[in-house]
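*Asks:* Submitted below is the structure of interest, expressed as structure tokens.
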Amino acid sequence: MKKILVLGPGCARCETLANVTRQAADQLGIEYELEKLTDIKQFSSYGLMMTPGLVVDGELKVQGKVPSLDEIESMLA
């Protein structure tokens, strides 16, 4: 099972990243757990400098942008 974290304060871009990530994971048919982390104090532990951020299985994959559905699928595959 993939552990997916969306890091961000709850802004519109953070919500978009969460929705596109959920859609990508569903299209791939993988088992996953998606969690949103909004505590700014914890962002640095993942190396995040700009929100939103996407962490897959403990590894920071994206920061500061919302990738396309195809890009997210390749990160999750």
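Scheme for the structure tokens: letters A, B, ... for chains in order shown; per-chain residue numbers from 1; ligand numbers from 1 in order shown.
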Quick one: residues within 12 Å of Ser44 in chain A, only C-alpha atoms, excluding same-chain residues fewer than 5 positions away - as a count of residues only?
*Replies:* 10
*Asks:* To test your reading of the structure, identify every residue in range 10-76 of chain A that backbone DSSP assigns to strand (DSSP E or B), and report it as a list in words.
*Replies:*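 After running DSSP on the backbone, range 10-76 of chain A has strand (DSSP E or B) at Tyr32, Glu33, Leu34, Glu35, Lys36, Leu37, Gly53, Leu54, Val55, Val56, Glu59, Leu60, Lys61, Val62 and Gln63 of chain A.
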*Asks:* Keeping only C-alpha atoms, take the residues you just selected and write them out as a short mmCIF file (atom, residue, chain, number, x, y, z; two decimals), in the first residue's frame.
*Replies:*
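The result, stored in selection28.cif:
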```
data_model
loop_
_atom_site.label_atom_id
_atom_site.label_comp_id
_atom_site.auth_asym_id
_atom_site.auth_seq_id
_atom_site.Cartn_x
_atom_site.Cartn_y
_atom_site.Cartn_z
CA TYR A 32 -3.18 3.80 -1.08
CA GLU A 33 -3.71 5.93 1.97
CA LEU A 34 -3.87 9.67 1.29
CA GLU A 35 -3.41 12.09 4.16
CA LYS A 36 -3.28 15.87 4.20
CA LEU A 37 -0.70 17.42 6.52
CA GLY A 53 4.12 19.28 -1.55
CA LEU A 54 3.58 15.64 -2.42
CA VAL A 55 5.28 12.87 -0.44
CA VAL A 56 5.05 9.25 -1.63
CA GLU A 59 10.00 10.67 -0.27
CA LEU A 60 9.27 14.26 -1.33
CA LYS A 61 8.31 14.08 -5.00
CA VAL A 62 6.92 17.57 -5.72
CA GLN A 63 6.99 20.98 -4.14
#
```
*Asks:* Do you have the CA of Ala12 in chain A-CA of Glu71 in chain A distance handy?
*Replies:* 19.4 Å
*Asks:* If I take CA of Gly47 in chain A and CA of Ala24 in chain A, how far is one from the other in Å, to one decimal?
*Replies:*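 Those two atoms sit 23.6 Å apart.
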*Asks:* Rounded to one decimal place, report the CA of Thr16 in chain A-CA of Lys2 in chain A distance in Å.
*Replies:* 19.4 Å
*Asks:* Report as JSON, numbers by chain: the residues of chain A with a DSSP assignment of helix (DSSP H, G or I), based on the backbone of this structure.
*Replies:* {"A": [12, 13, 14, 15, 16, 17, 18, 19, 20, 21, 22, 23, 24, 25, 26, 27, 28, 40, 41, 42, 43, 44, 45, 46, 69, 70, 71, 72, 73, 74, 75, 76]}
*Asks:* Of the candidates A:Leu5, A:Ala77, A:Val66, A:Cys14, which one gets nearest to Asp26 in chain A if we count only C-alpha atoms?
*Replies:*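 Going through A:Leu5, A:Ala77, A:Val66, A:Cys14 one by one, the smallest distance to Asp26 in chain A is for A:Ala77.
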